[in-house]
Each structure stands twice: as C-alpha cells, then as structure tokens.
There are 2 protein chains.
Amino acid sequence: MPNYSAEVDAVLRALADPTRRAVVERLAKSPAVVSDLLASFSMTLPSLLQHLRILEDARVITSNKQGRVRTVSLRPGALDVLHLWLGEQRTSAERQADRLGIHLARATSKEN
Amino acid sequence: MPNYSAEVDAVLRALADPTRRAVVERLAKSPAVVSDLLASFSMTLPSLLQHLRILEDARVITSNKQGRVRTVSLRPGALDVLHLWLGEQRTSAERQADRLGIHLARATSKEN
C-alpha cells in the first residue's frame, strides 16, 4: 500500500456519506457560509457541524470564521489524492487488459 | 445531484473500508481465488466473504465459481463512476479558480 494510504482512507470515509458528498458538490461550485448550507440541507445545525468537522478533519474542506460568520470552502487539491489512487487502480487494470489483448492477439495469430 | 448518485454512494461506501480498498488494489493487478485472498489478508473467511459481498453489491467486483473454487475480479469500468464524479467536482473547482484568476487579473489591471 502506498504511504498516502491514511489520507485516501480519510477522504473516502468523509465522502462515503451522501450528505457530506452533497456538501462537497455544493462547495465545488463556490465557498458558502454555514447558515446558507443549513438552509440548503434539511438537518439541524449540530448535525451539519458534525459533517463539516469530518470533512475538515479529512482535509477536504477548510473553514474561516470572521465575527459570527463561518465560511467553508473546498480545499484546493482536496480530491487529488483520491484521483491519484483511482488512476493507479485503473492503470493496473488497464495493463491487465493490455496483457490479455496481447495474449489474445498472439493466440489468434498462431491459429492463422 | 446527478442520477448516478446512488451508484457513486455505493462505490464510495464500498471503498471507505481499508480492507476492501486493499482487496481492490490486489484485484487491480489480477483476478484472485478466494483462498489466495484469505492467505493475503489476516482475517477469517466469513469476514472476507462479507467484504467481498459488499464489493460485489456495489458492482466493484464480480465473482465466478467453478466447482469449489471462487475467483473474484475487478469489474471492468468499476471505478469509472467515481472517476466521473471526481472529474465533475474538479471541473467546478477549477472553474471557480479560473473566475478568481480573471477577477484578480481585472483588479490588477484596474490598479495599473
């Protein structure tokens, strides 16, 4: 396993909840203040804050408080680690498909 | 939310467990028989089968039984839905970064 494993785990666990995923989709469009997020999602403030804390602990979002207004943003490059992990799995799988293709091509050429 | 939302949820939940993610990493290299997987992972057969069931329900892996030997494989394109979702979030975030860049460029040119 690569050494960024813990980071991938944290991001996957953070995104595995539909509400948190919806928050990420919302924040990918623009940063938002907590009260606006609360209006968009039908849940209590403590529940929303708990979801935001998990996303922040996984370094998916960042938050910034000015006076009584807390603004949350998607952290730039937050999802890169997951993109990288996915790329690695696809590369392996594609290499596997390539080898199969080469094997089949050879088998076919021998038959002819 | 896009209509493939449930599919993204299932894949994310399936991958959010470190053991299941390790199984996916293993299967990305090549298909494997269950007894070999069991030897690679320090867990009981029922635990492994439970993890495989979750991965299969999420359509991440497929399995095929011949006699008493069950072989599991990564389903081709299994992770594409997650790749697509990630791409959408990155695109939004990049558009946001572009707008910020344009805004800053305009602000700077006005200052000069």
# chains A, B, ... in the order shown; residues from 1 in each chain; ligands from 1

call {"tool": "residues_around", "arguments": {"residues": "Phe41 in chain B", "least_positions_apart": "2", "cutoff": "12 Å", "atoms": "only C-alpha atoms", "output": "ChimeraX atom specification"}}
result
/B:18-23,26,34-39,43-45,47-49,51

call {"tool": "calpha_fit_rmsd", "arguments": {"fixed": "chain B", "moving": "chain A"}}
result
0.1 Å

call {"tool": "closest_atom_pairs", "arguments": {"of": "chain B", "to": "chain A", "cutoff": "12 Å", "atoms": "only C-alpha atoms", "output": "Markdown table"}}
result
| residue | atom | partner | partner_atom | distance |
| --- | --- | --- | --- | --- |
| B:Met1 | CA | A:Ala22 | CA | 7.6 |
| B:Pro2 | CA | A:Glu25 | CA | 10.4 |
| B:Ser5 | CA | A:Pro18 | CA | 8.6 |
| B:Ala6 | CA | A:Pro18 | CA | 8.8 |
| B:Glu7 | CA | A:Pro18 | CA | 11.1 |
| B:Val8 | CA | A:Ala16 | CA | 8.8 |
| B:Asp9 | CA | A:Ala16 | CA | 6.2 |
| B:Ala10 | CA | A:Ala16 | CA | 8.1 |
| B:Val11 | CA | A:Ala16 | CA | 8.3 |
| B:Leu12 | CA | A:Ala16 | CA | 4.9 |
| B:Arg13 | CA | A:Ala16 | CA | 4.8 |
| B:Ala14 | CA | A:Ala16 | CA | 8.4 |
| B:Leu15 | CA | A:Leu12 | CA | 6.8 |
| B:Ala16 | CA | A:Arg13 | CA | 4.8 |
| B:Asp17 | CA | A:Asp9 | CA | 7.3 |
| B:Pro18 | CA | A:Asp9 | CA | 6.5 |
| B:Thr19 | CA | A:Asp9 | CA | 10.3 |
| B:Arg20 | CA | A:Asp9 | CA | 10.8 |
| B:Arg21 | CA | A:Asp9 | CA | 8.5 |
| B:Ala22 | CA | A:Met1 | CA | 7.5 |
| B:Val23 | CA | A:Met1 | CA | 10.8 |
| B:Val24 | CA | A:Gln89 | CA | 7.8 |
| B:Glu25 | CA | A:Gln89 | CA | 6.3 |
| B:Arg26 | CA | A:Gln89 | CA | 9.1 |
| B:Leu27 | CA | A:Ala93 | CA | 8.2 |
| B:Ala28 | CA | A:Ala93 | CA | 4.9 |
| B:Lys29 | CA | A:Ser92 | CA | 5.4 |
| B:Ser30 | CA | A:Gln96 | CA | 6.7 |
| B:Pro31 | CA | A:Gln96 | CA | 9.5 |
| B:Val60 | CA | A:Gln89 | CA | 11.9 |
| B:Ser73 | CA | A:Ala93 | CA | 10.0 |
| B:Leu74 | CA | A:Ala93 | CA | 7.9 |
| B:Arg75 | CA | A:Ala93 | CA | 9.4 |
| B:Pro76 | CA | A:Ala93 | CA | 7.7 |
| B:Gly77 | CA | A:Arg90 | CA | 8.4 |
| B:Ala78 | CA | A:Arg90 | CA | 9.3 |
| B:Leu79 | CA | A:Leu86 | CA | 7.2 |
| B:Asp80 | CA | A:Arg90 | CA | 8.8 |
| B:Val81 | CA | A:Leu86 | CA | 10.8 |
| B:Leu82 | CA | A:Leu86 | CA | 8.3 |
| B:His83 | CA | A:Leu86 | CA | 7.1 |
| B:Leu84 | CA | A:His83 | CA | 10.2 |
| B:Trp85 | CA | A:Glu25 | CA | 9.3 |
| B:Leu86 | CA | A:His83 | CA | 7.1 |
| B:Gly87 | CA | A:His83 | CA | 8.5 |
| B:Glu88 | CA | A:Glu25 | CA | 8.6 |
| B:Gln89 | CA | A:Ala28 | CA | 5.5 |
| B:Arg90 | CA | A:Ala28 | CA | 7.3 |
| B:Thr91 | CA | A:Ala28 | CA | 8.3 |
| B:Ser92 | CA | A:Ala28 | CA | 5.3 |
| B:Ala93 | CA | A:Ala28 | CA | 4.9 |
| B:Glu94 | CA | A:Ala28 | CA | 8.6 |
| B:Arg95 | CA | A:Lys29 | CA | 8.2 |
| B:Gln96 | CA | A:Ser30 | CA | 6.6 |
| B:Ala97 | CA | A:Pro76 | CA | 8.8 |
| B:Asp98 | CA | A:Lys29 | CA | 11.9 |
| B:Arg99 | CA | A:Ser30 | CA | 10.4 |
| B:Leu100 | CA | A:Ser30 | CA | 10.5 |

call {"tool": "select_by_dssp", "arguments": {"residues": "chain A", "states": "strand (DSSP E)", "output": "PyMOL selection string"}}
result
chain A and resi 32-33+61-66+69-74

call {"tool": "select_by_dssp", "arguments": {"residues": "chain A", "states": "helix (DSSP H, G or I)", "output": "PyMOL selection string"}}
result
chain A and resi 5-15+18-29+34-40+45-57+80-111

call {"tool": "atom_distance", "arguments": {"atom1": "CA of Ser63 in chain A", "atom2": "CA of Ser40 in chain A"}}
result
17.8 Å

call {"tool": "closest_residue", "arguments": {"among": "B:Val72, B:Ala32, B:Ser42, B:His103", "to": "Leu55 in chain B", "atoms": "only C-alpha atoms"}}
result
B:Val72

call {"tool": "closest_residue", "arguments": {"among": "A:Val33, A:Ala105, A:Asp57, A:Leu52", "to": "Val69 in chain A", "atoms": "only C-alpha atoms"}}
result
A:Val33

call {"tool": "decode", "arguments": {"residues": "range 15-28 of chain B", "atoms": "all heavy atoms", "output": "PDB file, in the first residue's frame"}}
result
ATOM      1  N   LEU B  15     -15.568   1.399  -0.818  1.00  0.00           N
ATOM      2  CA  LEU B  15     -14.128   1.679  -0.768  1.00  0.00           C
ATOM      3  C   LEU B  15     -13.686   2.325   0.539  1.00  0.00           C
ATOM      4  O   LEU B  15     -12.485   2.453   0.796  1.00  0.00           O
ATOM      5  CB  LEU B  15     -13.737   2.607  -1.926  1.00  0.00           C
ATOM      6  CG  LEU B  15     -13.890   2.042  -3.344  1.00  0.00           C
ATOM      7  CD1 LEU B  15     -13.505   3.100  -4.359  1.00  0.00           C
ATOM      8  CD2 LEU B  15     -13.036   0.793  -3.532  1.00  0.00           C
ATOM      9  N   ALA B  16     -14.648   2.747   1.360  1.00  0.00           N
ATOM     10  CA  ALA B  16     -14.311   3.502   2.580  1.00  0.00           C
ATOM     11  C   ALA B  16     -13.706   2.617   3.664  1.00  0.00           C
ATOM     12  O   ALA B  16     -13.280   3.111   4.698  1.00  0.00           O
ATOM     13  CB  ALA B  16     -15.542   4.231   3.120  1.00  0.00           C
ATOM     14  N   ASP B  17     -13.667   1.311   3.443  1.00  0.00           N
ATOM     15  CA  ASP B  17     -13.064   0.395   4.413  1.00  0.00           C
ATOM     16  C   ASP B  17     -11.656   0.007   3.935  1.00  0.00           C
ATOM     17  O   ASP B  17     -11.500  -0.416   2.777  1.00  0.00           O
ATOM     18  CB  ASP B  17     -13.956  -0.851   4.531  1.00  0.00           C
ATOM     19  CG  ASP B  17     -13.351  -1.871   5.464  1.00  0.00           C
ATOM     20  OD1 ASP B  17     -12.519  -2.678   5.003  1.00  0.00           O
ATOM     21  OD2 ASP B  17     -13.692  -1.847   6.650  1.00  0.00           O
ATOM     22  N   PRO B  18     -10.642   0.147   4.797  1.00  0.00           N
ATOM     23  CA  PRO B  18      -9.255  -0.117   4.365  1.00  0.00           C
ATOM     24  C   PRO B  18      -9.045  -1.532   3.810  1.00  0.00           C
ATOM     25  O   PRO B  18      -8.294  -1.710   2.848  1.00  0.00           O
ATOM     26  CB  PRO B  18      -8.433   0.087   5.642  1.00  0.00           C
ATOM     27  CG  PRO B  18      -9.274   0.904   6.543  1.00  0.00           C
ATOM     28  CD  PRO B  18     -10.696   0.589   6.203  1.00  0.00           C
ATOM     29  N   THR B  19      -9.719  -2.527   4.402  1.00  0.00           N
ATOM     30  CA  THR B  19      -9.572  -3.907   3.910  1.00  0.00           C
ATOM     31  C   THR B  19     -10.134  -4.019   2.497  1.00  0.00           C
ATOM     32  O   THR B  19      -9.500  -4.591   1.599  1.00  0.00           O
ATOM     33  CB  THR B  19     -10.310  -4.905   4.829  1.00  0.00           C
ATOM     34  OG1 THR B  19      -9.740  -4.817   6.126  1.00  0.00           O
ATOM     35  CG2 THR B  19     -10.189  -6.323   4.313  1.00  0.00           C
ATOM     36  N   ARG B  20     -11.326  -3.464   2.289  1.00  0.00           N
ATOM     37  CA  ARG B  20     -11.933  -3.565   0.950  1.00  0.00           C
ATOM     38  C   ARG B  20     -11.108  -2.808  -0.079  1.00  0.00           C
ATOM     39  O   ARG B  20     -10.969  -3.227  -1.228  1.00  0.00           O
ATOM     40  CB  ARG B  20     -13.383  -3.046   0.994  1.00  0.00           C
ATOM     41  CG  ARG B  20     -14.298  -3.989   1.770  1.00  0.00           C
ATOM     42  CD  ARG B  20     -15.753  -3.731   1.484  1.00  0.00           C
ATOM     43  NE  ARG B  20     -16.242  -2.473   1.993  1.00  0.00           N
ATOM     44  CZ  ARG B  20     -16.737  -2.288   3.222  1.00  0.00           C
ATOM     45  NH1 ARG B  20     -16.788  -3.297   4.068  1.00  0.00           N
ATOM     46  NH2 ARG B  20     -17.180  -1.112   3.599  1.00  0.00           N
ATOM     47  N   ARG B  21     -10.517  -1.685   0.367  1.00  0.00           N
ATOM     48  CA  ARG B  21      -9.677  -0.933  -0.559  1.00  0.00           C
ATOM     49  C   ARG B  21      -8.428  -1.756  -0.913  1.00  0.00           C
ATOM     50  O   ARG B  21      -8.012  -1.796  -2.075  1.00  0.00           O
ATOM     51  CB  ARG B  21      -9.290   0.406   0.064  1.00  0.00           C
ATOM     52  CG  ARG B  21      -8.829   1.408  -0.945  1.00  0.00           C
ATOM     53  CD  ARG B  21      -8.984   2.801  -0.414  1.00  0.00           C
ATOM     54  NE  ARG B  21      -8.140   3.027   0.738  1.00  0.00           N
ATOM     55  CZ  ARG B  21      -6.814   3.176   0.699  1.00  0.00           C
ATOM     56  NH1 ARG B  21      -6.187   3.112  -0.454  1.00  0.00           N
ATOM     57  NH2 ARG B  21      -6.123   3.400   1.780  1.00  0.00           N
ATOM     58  N   ALA B  22      -7.877  -2.452   0.073  1.00  0.00           N
ATOM     59  CA  ALA B  22      -6.710  -3.309  -0.183  1.00  0.00           C
ATOM     60  C   ALA B  22      -7.084  -4.456  -1.130  1.00  0.00           C
ATOM     61  O   ALA B  22      -6.283  -4.841  -1.988  1.00  0.00           O
ATOM     62  CB  ALA B  22      -6.160  -3.836   1.136  1.00  0.00           C
ATOM     63  N   VAL B  23      -8.295  -4.999  -0.986  1.00  0.00           N
ATOM     64  CA  VAL B  23      -8.760  -6.062  -1.892  1.00  0.00           C
ATOM     65  C   VAL B  23      -8.837  -5.507  -3.326  1.00  0.00           C
ATOM     66  O   VAL B  23      -8.388  -6.158  -4.275  1.00  0.00           O
ATOM     67  CB  VAL B  23     -10.137  -6.635  -1.443  1.00  0.00           C
ATOM     68  CG1 VAL B  23     -10.746  -7.516  -2.526  1.00  0.00           C
ATOM     69  CG2 VAL B  23      -9.992  -7.419  -0.136  1.00  0.00           C
ATOM     70  N   VAL B  24      -9.362  -4.292  -3.464  1.00  0.00           N
ATOM     71  CA  VAL B  24      -9.457  -3.673  -4.797  1.00  0.00           C
ATOM     72  C   VAL B  24      -8.062  -3.474  -5.385  1.00  0.00           C
ATOM     73  O   VAL B  24      -7.824  -3.778  -6.562  1.00  0.00           O
ATOM     74  CB  VAL B  24     -10.239  -2.333  -4.724  1.00  0.00           C
ATOM     75  CG1 VAL B  24     -10.105  -1.537  -6.024  1.00  0.00           C
ATOM     76  CG2 VAL B  24     -11.709  -2.603  -4.426  1.00  0.00           C
ATOM     77  N   GLU B  25      -7.126  -2.976  -4.558  1.00  0.00           N
ATOM     78  CA  GLU B  25      -5.742  -2.783  -5.034  1.00  0.00           C
ATOM     79  C   GLU B  25      -5.146  -4.117  -5.501  1.00  0.00           C
ATOM     80  O   GLU B  25      -4.455  -4.173  -6.513  1.00  0.00           O
ATOM     81  CB  GLU B  25      -4.874  -2.172  -3.914  1.00  0.00           C
ATOM     82  CG  GLU B  25      -5.226  -0.711  -3.652  1.00  0.00           C
ATOM     83  CD  GLU B  25      -4.562  -0.140  -2.394  1.00  0.00           C
ATOM     84  OE1 GLU B  25      -3.788  -0.852  -1.732  1.00  0.00           O
ATOM     85  OE2 GLU B  25      -4.853   1.031  -2.077  1.00  0.00           O
ATOM     86  N   ARG B  26      -5.441  -5.183  -4.744  1.00  0.00           N
ATOM     87  CA  ARG B  26      -4.938  -6.518  -5.115  1.00  0.00           C
ATOM     88  C   ARG B  26      -5.557  -6.982  -6.442  1.00  0.00           C
ATOM     89  O   ARG B  26      -4.847  -7.483  -7.326  1.00  0.00           O
ATOM     90  CB  ARG B  26      -5.246  -7.493  -3.965  1.00  0.00           C
ATOM     91  CG  ARG B  26      -5.072  -8.958  -4.269  1.00  0.00           C
ATOM     92  CD  ARG B  26      -3.646  -9.316  -4.639  1.00  0.00           C
ATOM     93  NE  ARG B  26      -3.603 -10.667  -5.200  1.00  0.00           N
ATOM     94  CZ  ARG B  26      -3.902 -10.964  -6.447  1.00  0.00           C
ATOM     95  NH1 ARG B  26      -4.245 -10.000  -7.312  1.00  0.00           N
ATOM     96  NH2 ARG B  26      -3.845 -12.197  -6.871  1.00  0.00           N
ATOM     97  N   LEU B  27      -6.888  -6.794  -6.576  1.00  0.00           N
ATOM     98  CA  LEU B  27      -7.582  -7.280  -7.774  1.00  0.00           C
ATOM     99  C   LEU B  27      -7.298  -6.423  -9.011  1.00  0.00           C
ATOM    100  O   LEU B  27      -7.487  -6.888 -10.138  1.00  0.00           O
ATOM    101  CB  LEU B  27      -9.090  -7.383  -7.526  1.00  0.00           C
ATOM    102  CG  LEU B  27      -9.524  -8.383  -6.456  1.00  0.00           C
ATOM    103  CD1 LEU B  27     -11.041  -8.378  -6.319  1.00  0.00           C
ATOM    104  CD2 LEU B  27      -9.026  -9.799  -6.768  1.00  0.00           C
ATOM    105  N   ALA B  28      -6.860  -5.182  -8.777  1.00  0.00           N
ATOM    106  CA  ALA B  28      -6.496  -4.330  -9.925  1.00  0.00           C
ATOM    107  C   ALA B  28      -5.294  -4.925 -10.649  1.00  0.00           C
ATOM    108  O   ALA B  28      -5.089  -4.665 -11.836  1.00  0.00           O
ATOM    109  CB  ALA B  28      -6.202  -2.913  -9.459  1.00  0.00           C
TER     110      ALA B  28
END
